[in-house]
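Asks: File my_file24.cif below, mmCIF, C-alpha atoms and all ligand atoms:
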```cif
data_start
loop_
_atom_site.label_atom_id
_atom_site.label_comp_id
_atom_site.auth_asym_id
_atom_site.auth_seq_id
_atom_site.Cartn_x
_atom_site.Cartn_y
_atom_site.Cartn_z
CA MET O 693 -19.86 -6.80 9.84
CA PRO O 694 -20.43 -3.94 7.36
CA GLU O 695 -17.27 -2.28 6.02
CA PRO O 696 -16.56 1.11 7.69
CA SER O 697 -16.77 4.32 5.69
CA VAL O 698 -13.18 5.00 4.66
CA THR O 699 -11.79 8.21 3.23
CA VAL O 700 -8.34 8.48 1.67
CA ARG O 701 -6.29 11.68 1.35
CA PRO O 702 -2.65 12.73 0.92
CA ALA O 703 -0.69 12.53 4.18
CA ALA O 704 0.48 15.74 5.87
CA PRO O 705 3.58 16.08 8.08
CA SER O 706 1.21 16.28 11.08
CA ASP O 707 0.06 12.69 10.27
CA VAL O 708 3.49 11.11 10.80
CA SER O 709 2.99 10.01 14.42
CA ALA O 710 -0.47 8.60 13.61
CA ILE O 711 1.02 6.66 10.67
CA GLU O 712 3.72 5.26 12.96
CA ALA O 713 1.00 4.14 15.38
CA VAL O 714 -0.71 2.21 12.57
CA ASP O 715 2.42 0.26 11.60
CA PRO O 716 3.61 -2.28 14.21
CA VAL O 717 7.10 -2.33 12.65
CA ALA O 718 7.53 1.41 13.33
CA SER O 719 7.41 0.91 17.11
CA THR O 720 10.72 -1.01 17.06
CA ASP O 721 12.38 -0.05 13.79
CA GLU O 722 13.99 3.36 13.46
CA GLY O 723 14.52 2.73 9.75
CA ARG O 724 10.76 2.35 9.23
CA ARG O 725 10.10 5.58 11.11
CA GLY O 726 12.65 7.39 8.95
CA PHE O 727 11.10 5.90 5.82
CA ILE O 728 7.63 7.14 6.84
CA ALA O 729 8.86 10.66 7.61
CA GLU O 730 10.75 10.89 4.30
CA ARG O 731 7.94 9.54 2.15
CA VAL O 732 5.38 11.86 3.79
CA ALA O 733 7.70 14.85 3.25
CA ALA O 734 8.12 13.80 -0.39
CA GLY O 735 4.34 13.83 -0.92
CA GLU O 736 4.32 10.11 -1.72
CA THR O 737 1.99 8.91 1.04
CA LEU O 738 -1.77 8.55 1.27
CA VAL O 739 -3.61 7.86 4.52
CA ALA O 740 -6.91 6.08 5.09
CA LEU O 741 -9.20 7.48 7.76
CA VAL O 742 -12.23 6.16 9.57
CA GLY O 743 -13.77 9.25 11.10
CA ASP O 744 -10.75 11.32 12.13
CA ALA O 745 -8.53 8.33 12.90
CA VAL O 746 -5.67 7.26 10.62
CA VAL O 747 -6.15 3.50 10.09
CA GLY O 748 -3.74 2.77 7.23
CA TYR O 749 -1.27 4.19 4.74
CA VAL O 750 0.19 3.54 1.34
CA VAL O 751 3.44 4.83 -0.18
CA LEU O 752 3.51 5.34 -3.96
CA GLU O 753 6.90 6.08 -5.50
CA HIS O 754 7.78 6.65 -9.15
CA GLY O 755 11.43 5.58 -9.26
CA PHE O 756 10.95 1.93 -10.25
CA PHE O 757 12.07 1.76 -13.89
CA GLU O 758 10.15 5.04 -14.35
CA ARG O 759 6.90 3.40 -13.21
CA GLY O 760 4.64 3.86 -10.21
CA PHE O 761 5.59 1.48 -7.42
CA VAL O 762 3.73 0.85 -4.16
CA ALA O 763 6.62 0.58 -1.71
CA MET O 764 4.44 0.11 1.39
CA LEU O 765 0.86 -0.68 2.29
CA CYS O 766 -0.12 -1.11 5.91
CA VAL O 767 -3.38 -1.23 7.84
CA HIS O 768 -3.68 -1.09 11.62
CA PRO O 769 -3.85 -4.70 12.91
CA GLU O 770 -7.26 -4.10 14.52
CA ARG O 771 -8.66 -2.67 11.28
CA ARG O 772 -7.68 -5.45 8.88
CA ARG O 773 -10.17 -7.38 6.71
CA GLN O 774 -12.45 -4.36 6.46
CA GLY O 775 -11.56 -3.32 2.91
CA ILE O 776 -9.10 -0.60 3.94
CA GLY O 777 -6.06 -2.09 2.19
CA ARG O 778 -8.09 -2.51 -0.98
CA ALA O 779 -9.31 1.13 -0.78
CA LEU O 780 -5.72 2.40 -0.33
CA MET O 781 -4.51 0.40 -3.35
CA ARG O 782 -7.35 1.78 -5.49
CA HIS O 783 -6.41 5.34 -4.51
CA ALA O 784 -2.72 4.66 -5.20
CA GLU O 785 -3.74 3.49 -8.67
CA GLY O 786 -5.67 6.75 -9.15
CA ALA O 787 -2.61 8.78 -8.10
CA CYS O 788 -0.20 6.75 -10.24
CA ARG O 789 1.39 8.92 -12.94
CA THR O 790 2.31 6.02 -15.23
CA PRO O 791 0.11 3.61 -17.18
CA GLN O 792 1.34 0.64 -15.15
CA ILE O 793 1.65 0.31 -11.38
CA PHE O 794 4.00 -2.16 -9.71
CA THR O 795 4.38 -3.49 -6.20
CA SER O 796 6.03 -6.42 -4.47
CA THR O 797 5.60 -8.64 -1.46
CA ASN O 798 7.32 -11.58 0.16
CA LEU O 799 6.40 -15.11 -0.89
CA SER O 800 5.37 -15.67 2.75
CA ASN O 801 2.84 -12.79 2.68
CA ALA O 802 -0.37 -14.59 1.67
CA PRO O 803 -2.74 -11.73 2.70
CA MET O 804 -1.02 -9.25 0.36
CA GLN O 805 -0.93 -11.78 -2.48
CA ARG O 806 -4.67 -12.47 -2.09
CA LEU O 807 -5.39 -8.73 -1.99
CA LEU O 808 -3.41 -8.08 -5.18
CA GLU O 809 -4.88 -11.02 -7.05
CA GLY O 810 -8.36 -9.84 -6.08
CA LEU O 811 -7.59 -6.42 -7.55
CA GLY O 812 -6.45 -7.91 -10.86
CA TYR O 813 -2.67 -7.71 -10.42
CA ARG O 814 -0.53 -10.24 -12.25
CA ARG O 815 2.76 -11.75 -11.26
CA SER O 816 5.64 -9.97 -13.04
CA GLY O 817 8.55 -11.90 -11.59
CA MET O 818 10.43 -12.92 -8.51
CA VAL O 819 13.56 -11.47 -6.89
CA ASP O 820 15.82 -13.66 -4.76
CA ASP O 821 18.57 -12.49 -2.39
CA LEU O 822 16.61 -9.77 -0.56
CA ASP O 823 15.16 -11.53 2.51
CA PRO O 824 17.00 -14.85 3.00
CA GLY O 825 14.68 -17.79 2.21
CA ASP O 826 11.71 -15.52 1.41
CA PRO O 827 11.78 -14.29 -2.20
CA GLU O 828 10.09 -11.07 -3.26
CA LEU O 829 7.18 -11.48 -5.69
CA VAL O 830 6.72 -8.55 -8.07
CA TYR O 831 3.18 -7.71 -9.24
CA SER O 832 1.84 -5.21 -11.75
CA ARG O 833 -1.41 -3.92 -13.15
CA ARG O 834 -2.28 -1.59 -16.00
CA VAL O 835 -4.12 1.35 -14.47
CA ARG O 836 -5.04 3.36 -17.55
CA ASP O 837 -4.61 3.72 -21.25
CA PRO O 838 -1.02 4.94 -21.83
CA ARG O 839 -2.38 8.01 -23.67
CA SER O 840 -4.68 9.15 -20.81
CA PRO O 841 -3.50 11.67 -18.20
CA PRO O 842 -3.44 10.52 -14.53
CA GLU O 843 -6.39 11.33 -12.29
CA ALA O 844 -5.96 13.87 -9.50
CA ALA O 845 -4.28 12.39 -6.42
CA GLY O 846 -6.25 11.83 -3.26
C1 LIG X 901 -1.81 -6.85 3.63
C2 LIG X 901 -2.69 -5.81 4.33
C3 LIG X 901 -2.30 -4.40 3.90
C4 LIG X 901 -4.17 -6.06 3.92
O1 LIG X 901 -4.97 -4.99 4.41
P1 LIG X 901 -6.52 -5.20 4.76
O2 LIG X 901 -7.12 -3.88 5.01
O3 LIG X 901 -6.66 -6.23 5.83
O4 LIG X 901 -7.07 -5.82 3.38
P2 LIG X 901 -8.59 -5.80 2.88
O5 LIG X 901 -9.52 -5.89 4.03
O6 LIG X 901 -8.76 -4.67 1.93
O7 LIG X 901 -8.62 -7.17 2.09
C5 LIG X 901 -8.80 -7.26 0.68
C6 LIG X 901 -8.66 -8.71 0.28
O8 LIG X 901 -7.32 -9.18 0.52
C7 LIG X 901 -7.35 -10.55 0.94
N1 LIG X 901 -6.87 -10.65 2.32
C8 LIG X 901 -6.57 -9.64 3.17
N2 LIG X 901 -6.11 -10.12 4.34
C9 LIG X 901 -6.13 -11.46 4.23
C10 LIG X 901 -5.78 -12.53 5.10
N3 LIG X 901 -5.31 -12.31 6.35
N4 LIG X 901 -5.91 -13.81 4.65
C11 LIG X 901 -6.36 -14.05 3.40
N5 LIG X 901 -6.73 -13.08 2.53
C12 LIG X 901 -6.61 -11.81 2.93
C13 LIG X 901 -8.80 -10.98 0.86
O9 LIG X 901 -9.02 -11.47 -0.46
C14 LIG X 901 -9.52 -9.66 1.08
O10 LIG X 901 -10.83 -9.64 0.57
P3 LIG X 901 -12.05 -10.20 1.48
O11 LIG X 901 -11.87 -9.67 2.88
O12 LIG X 901 -13.26 -9.66 0.78
O13 LIG X 901 -11.93 -11.70 1.45
C15 LIG X 901 -2.62 -5.95 5.89
O14 LIG X 901 -2.75 -7.31 6.23
C16 LIG X 901 -1.31 -5.41 6.47
O15 LIG X 901 -1.21 -4.22 6.81
N6 LIG X 901 -0.30 -6.28 6.61
C17 LIG X 901 1.02 -5.87 7.16
C18 LIG X 901 1.82 -5.06 6.17
C19 LIG X 901 2.03 -5.79 4.85
O16 LIG X 901 2.29 -6.99 4.82
N7 LIG X 901 1.92 -5.03 3.73
C20 LIG X 901 2.06 -5.60 2.39
C21 LIG X 901 3.46 -5.56 1.87
S1 LIG X 901 4.10 -3.89 1.70
#
```
Please rewrite the model in this file as structure tokens.

Replies:
Amino acid sequence: MPEPSVTVRPAAPSDVSAIEAVDPVASTDEGRRGFIAERVAAGETLVALVGDAVVGYVVLEHGFFERGFVAMLCVHPERRRQGIGRALMRHAEGACRTPQIFTSTNLSNAPMQRLLEGLGYRRSGMVDDLDPGDPELVYSRRVRDPRSPPEAAG
């Protein structure tokens, strides 16, 4: 099946309920809903759209050892394996204000590991003691020459 035409733009407060509808965790987890609302209000969220429909989102923070850090990437379950996660990561890299971008995922999350490896991320380490029995793998990628300014977000 051909990949859909995906556009990515900064999220607006009016996107919050559509973002919650994309993320299965948000339907049961008040903490996730609060996280989404806060990160959108902070201007740290990008949404992927197919037509007018929000189909995924990515949260890019800059508080991780003063580096860009993708704290969340999620694609609607019915829209997965269509290149949307990859497109969101590429846009997060474009919006990253630091030469390196970091992210992390659980050892059990093979789809995210495959996605990151396919985009040229390397393993930067592992953190125990977050989720019991499921360590967090940290990944990073150099996104630009340290002397170059970041691209415009969006
Ligand atoms: C991880 C996630 C964001 C991937 O999004 P996606 O839109 O399906 O990913 P893409 O279609 O862009 O896939 C890019 C590549 O990642 C890999 N990949 C993605 N899903 C995969 C799966 N289920 N199994 C194996 N590889 C997978 C493949 O290499 C894929 O390339 P290909 O389709 O050409 O083979 C999505 O599965 C998701 O939302 N998961 C729940 C939330 C989550 O775990 N987020 C990550 C931690 S914050």

Asks: Got a sec: who's within 12 Å of stretch 814-825 of chain O, counting only C-alpha atoms, leaving out chain neighbours fewer than 6 positions off, as a short mmCIF file (atom, residue, chain, number, x, y, z; two decimals) with C-alpha atoms, keeping the file's coordinate frame?

Replies:
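The file below, selection_20.cif, is the result:
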```
data_model
loop_
_atom_site.label_atom_id
_atom_site.label_comp_id
_atom_site.auth_asym_id
_atom_site.auth_seq_id
_atom_site.Cartn_x
_atom_site.Cartn_y
_atom_site.Cartn_z
CA GLN O 792 1.34 0.64 -15.15
CA ILE O 793 1.65 0.31 -11.38
CA PHE O 794 4.00 -2.16 -9.71
CA THR O 795 4.38 -3.49 -6.20
CA SER O 796 6.03 -6.42 -4.47
CA THR O 797 5.60 -8.64 -1.46
CA ASN O 798 7.32 -11.58 0.16
CA LEU O 799 6.40 -15.11 -0.89
CA SER O 800 5.37 -15.67 2.75
CA GLN O 805 -0.93 -11.78 -2.48
CA ARG O 806 -4.67 -12.47 -2.09
CA LEU O 807 -5.39 -8.73 -1.99
CA LEU O 808 -3.41 -8.08 -5.18
CA TYR O 831 3.18 -7.71 -9.24
CA SER O 832 1.84 -5.21 -11.75
CA ARG O 833 -1.41 -3.92 -13.15
CA ARG O 834 -2.28 -1.59 -16.00
#
```

Asks: For the contact check between chain O and ligand LIG 901 (chain X), emit one row per residue of chain O within 10 Å, containing the shortest atom pair and the distance in Å rounded to one decimal, counting all atoms listed in the file, chain then rising number order, as JSON lines.

Replies:
```
{"residue": "O:Glu695", "atom": "CA", "partner": "X:LIG901", "partner_atom": "O5", "distance": 8.8}
{"residue": "O:Val714", "atom": "CA", "partner": "X:LIG901", "partner_atom": "O15", "distance": 8.6}
{"residue": "O:Asp715", "atom": "CA", "partner": "X:LIG901", "partner_atom": "O15", "distance": 7.5}
{"residue": "O:Pro716", "atom": "CA", "partner": "X:LIG901", "partner_atom": "C17", "distance": 8.3}
{"residue": "O:Val717", "atom": "CA", "partner": "X:LIG901", "partner_atom": "C18", "distance": 8.8}
{"residue": "O:Ala740", "atom": "CA", "partner": "X:LIG901", "partner_atom": "O2", "distance": 10.0}
{"residue": "O:Val747", "atom": "CA", "partner": "X:LIG901", "partner_atom": "O2", "distance": 9.0}
{"residue": "O:Gly748", "atom": "CA", "partner": "X:LIG901", "partner_atom": "O15", "distance": 7.4}
{"residue": "O:Tyr749", "atom": "CA", "partner": "X:LIG901", "partner_atom": "O15", "distance": 8.7}
{"residue": "O:Val750", "atom": "CA", "partner": "X:LIG901", "partner_atom": "S1", "distance": 8.4}
{"residue": "O:Val751", "atom": "CA", "partner": "X:LIG901", "partner_atom": "S1", "distance": 8.9}
{"residue": "O:Val762", "atom": "CA", "partner": "X:LIG901", "partner_atom": "S1", "distance": 7.5}
{"residue": "O:Ala763", "atom": "CA", "partner": "X:LIG901", "partner_atom": "S1", "distance": 6.2}
{"residue": "O:Met764", "atom": "CA", "partner": "X:LIG901", "partner_atom": "S1", "distance": 4.0}
{"residue": "O:Leu765", "atom": "CA", "partner": "X:LIG901", "partner_atom": "S1", "distance": 4.6}
{"residue": "O:Cys766", "atom": "CA", "partner": "X:LIG901", "partner_atom": "O15", "distance": 3.4}
{"residue": "O:Val767", "atom": "CA", "partner": "X:LIG901", "partner_atom": "O15", "distance": 3.8}
{"residue": "O:His768", "atom": "CA", "partner": "X:LIG901", "partner_atom": "O15", "distance": 6.2}
{"residue": "O:Pro769", "atom": "CA", "partner": "X:LIG901", "partner_atom": "O15", "distance": 6.7}
{"residue": "O:Glu770", "atom": "CA", "partner": "X:LIG901", "partner_atom": "O3", "distance": 9.0}
{"residue": "O:Arg771", "atom": "CA", "partner": "X:LIG901", "partner_atom": "O2", "distance": 6.6}
{"residue": "O:Arg772", "atom": "CA", "partner": "X:LIG901", "partner_atom": "O3", "distance": 3.3}
{"residue": "O:Arg773", "atom": "CA", "partner": "X:LIG901", "partner_atom": "O5", "distance": 3.1}
{"residue": "O:Gln774", "atom": "CA", "partner": "X:LIG901", "partner_atom": "O5", "distance": 4.1}
{"residue": "O:Gly775", "atom": "CA", "partner": "X:LIG901", "partner_atom": "O6", "distance": 3.3}
{"residue": "O:Ile776", "atom": "CA", "partner": "X:LIG901", "partner_atom": "O2", "distance": 4.0}
{"residue": "O:Gly777", "atom": "CA", "partner": "X:LIG901", "partner_atom": "O2", "distance": 3.5}
{"residue": "O:Arg778", "atom": "CA", "partner": "X:LIG901", "partner_atom": "O6", "distance": 3.7}
{"residue": "O:Ala779", "atom": "CA", "partner": "X:LIG901", "partner_atom": "O6", "distance": 6.4}
{"residue": "O:Leu780", "atom": "CA", "partner": "X:LIG901", "partner_atom": "O6", "distance": 8.0}
{"residue": "O:Met781", "atom": "CA", "partner": "X:LIG901", "partner_atom": "O6", "distance": 8.5}
{"residue": "O:Arg782", "atom": "CA", "partner": "X:LIG901", "partner_atom": "O6", "distance": 9.9}
{"residue": "O:Thr795", "atom": "CA", "partner": "X:LIG901", "partner_atom": "S1", "distance": 7.9}
{"residue": "O:Ser796", "atom": "CA", "partner": "X:LIG901", "partner_atom": "C21", "distance": 6.9}
{"residue": "O:Thr797", "atom": "CA", "partner": "X:LIG901", "partner_atom": "C21", "distance": 5.0}
{"residue": "O:Asn798", "atom": "CA", "partner": "X:LIG901", "partner_atom": "C21", "distance": 7.4}
{"residue": "O:Ser800", "atom": "CA", "partner": "X:LIG901", "partner_atom": "O16", "distance": 9.4}
{"residue": "O:Asn801", "atom": "CA", "partner": "X:LIG901", "partner_atom": "O16", "distance": 6.2}
{"residue": "O:Ala802", "atom": "CA", "partner": "X:LIG901", "partner_atom": "C11", "distance": 6.3}
{"residue": "O:Pro803", "atom": "CA", "partner": "X:LIG901", "partner_atom": "C9", "distance": 3.7}
{"residue": "O:Met804", "atom": "CA", "partner": "X:LIG901", "partner_atom": "C1", "distance": 4.1}
{"residue": "O:Gln805", "atom": "CA", "partner": "X:LIG901", "partner_atom": "C7", "distance": 7.4}
{"residue": "O:Arg806", "atom": "CA", "partner": "X:LIG901", "partner_atom": "C7", "distance": 4.5}
{"residue": "O:Leu807", "atom": "CA", "partner": "X:LIG901", "partner_atom": "O8", "distance": 3.2}
{"residue": "O:Leu808", "atom": "CA", "partner": "X:LIG901", "partner_atom": "O8", "distance": 7.0}
{"residue": "O:Glu809", "atom": "CA", "partner": "X:LIG901", "partner_atom": "O9", "distance": 7.8}
{"residue": "O:Gly810", "atom": "CA", "partner": "X:LIG901", "partner_atom": "O9", "distance": 5.9}
{"residue": "O:Leu811", "atom": "CA", "partner": "X:LIG901", "partner_atom": "C6", "distance": 8.2}
```

Asks: Please report, as AutoDock Vina command-line options, the centre and edge lengths in Å to one decimal of an axis-aligned box covering all listed atoms of stretch 719-725 of chain O with 3 Å per side.

Replies:
```
--center_x 11.0 --center_y 2.3 --center_z 13.2 --size_x 13.1 --size_y 12.6 --size_z 13.9
```

Asks: With all atoms listed in the file as the basis for distance, which of O:Asp837, O:Glu785, O:Glu722, O:Asp707 is at the shortest distance from O:Leu741?

Replies: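 Checking each of O:Asp837, O:Glu785, O:Glu722, O:Asp707 against O:Leu741, counting all atoms listed in the file, the winner is O:Asp707.
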
Asks: Starting from the point (6.3, 8.7, -2.3), work out which residues of protein, DNA or RNA have an atom no more than 6 Å away when counting all atoms listed in the file; state them as a tab-separated table (two decimals) with C-alpha atoms, keeping the file's coordinate frame.

Replies:
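The resulting selection_10.tsv:
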```
chain	number	residue	atom	x	y	z
O	731	ARG	CA	7.94	9.54	2.15
O	734	ALA	CA	8.12	13.80	-0.39
O	735	GLY	CA	4.34	13.83	-0.92
O	736	GLU	CA	4.32	10.11	-1.72
O	737	THR	CA	1.99	8.91	1.04
O	751	VAL	CA	3.44	4.83	-0.18
O	752	LEU	CA	3.51	5.34	-3.96
O	753	GLU	CA	6.90	6.08	-5.50
```

Asks: Could you tell me how far atom CA of O:His754 lies from atom CA of O:Thr720, in Å and to one decimal?

Replies: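 Answer for the atom CA of O:His754 to atom CA of O:Thr720 separation: 27.5 Å.
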
Asks: I'd like to know which of O:Ala733, O:Val708, O:Val700, O:Ile728 is closest to O:Ala787, using all atoms listed in the file.

Replies: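 Answer, going by the shortest atom-to-atom distance: O:Val700.
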
Asks: Would you work out the distance separating atom CA of O:His783 from atom CA of O:Ala729, expressed in Å to one decimal?

Replies: 20.2 Å

Asks: Could you tell me which of O:Glu758, O:Ala745, O:Ala713, O:Ser706 comes closest to O:Pro791 if we count only C-alpha atoms?

Replies: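 Of the candidates, the smallest distance to O:Pro791 is held by O:Glu758.
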
Asks: I'd like to know which of O:Pro827, O:Glu712, O:Thr699, O:Ala704 is closest to O:Asp744, using only C-alpha atoms.

Replies: O:Thr699

Asks: Using the partial input, fill out stretch 724-737 of chain O with N, CA and C atoms; write the result as a tab-separated table (two decimals), keeping the file's coordinate frame.

Replies:
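Result file is out-v5.tsv:
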```
chain	number	residue	atom	x	y	z
O	724	ARG	N	12.14	2.20	9.72
O	724	ARG	CA	10.76	2.35	9.23
O	724	ARG	C	10.24	3.74	9.56
O	725	ARG	N	10.57	4.24	10.75
O	725	ARG	CA	10.10	5.58	11.11
O	725	ARG	C	10.73	6.63	10.19
O	726	GLY	N	12.00	6.46	9.87
O	726	GLY	CA	12.65	7.39	8.95
O	726	GLY	C	12.03	7.32	7.56
O	727	PHE	N	11.73	6.10	7.12
O	727	PHE	CA	11.10	5.90	5.82
O	727	PHE	C	9.75	6.65	5.76
O	728	ILE	N	8.95	6.49	6.82
O	728	ILE	CA	7.63	7.14	6.84
O	728	ILE	C	7.80	8.66	6.77
O	729	ALA	N	8.68	9.21	7.59
O	729	ALA	CA	8.86	10.66	7.61
O	729	ALA	C	9.32	11.17	6.24
O	730	GLU	N	10.24	10.46	5.61
O	730	GLU	CA	10.75	10.89	4.30
O	730	GLU	C	9.68	10.82	3.22
O	731	ARG	N	8.93	9.73	3.21
O	731	ARG	CA	7.94	9.54	2.15
O	731	ARG	C	6.75	10.50	2.31
O	732	VAL	N	6.43	10.85	3.57
O	732	VAL	CA	5.38	11.86	3.79
O	732	VAL	C	5.90	13.21	3.30
O	733	ALA	N	7.14	13.56	3.67
O	733	ALA	CA	7.70	14.85	3.25
O	733	ALA	C	7.79	14.95	1.74
O	734	ALA	N	8.00	13.82	1.07
O	734	ALA	CA	8.12	13.80	-0.39
O	734	ALA	C	6.76	13.85	-1.08
O	735	GLY	N	5.68	13.80	-0.32
O	735	GLY	CA	4.34	13.83	-0.92
O	735	GLY	C	3.98	12.52	-1.59
O	736	GLU	N	4.54	11.41	-1.08
O	736	GLU	CA	4.32	10.11	-1.72
O	736	GLU	C	3.46	9.17	-0.87
O	737	THR	N	2.75	9.75	0.11
O	737	THR	CA	1.99	8.91	1.04
O	737	THR	C	0.53	9.33	1.06
```
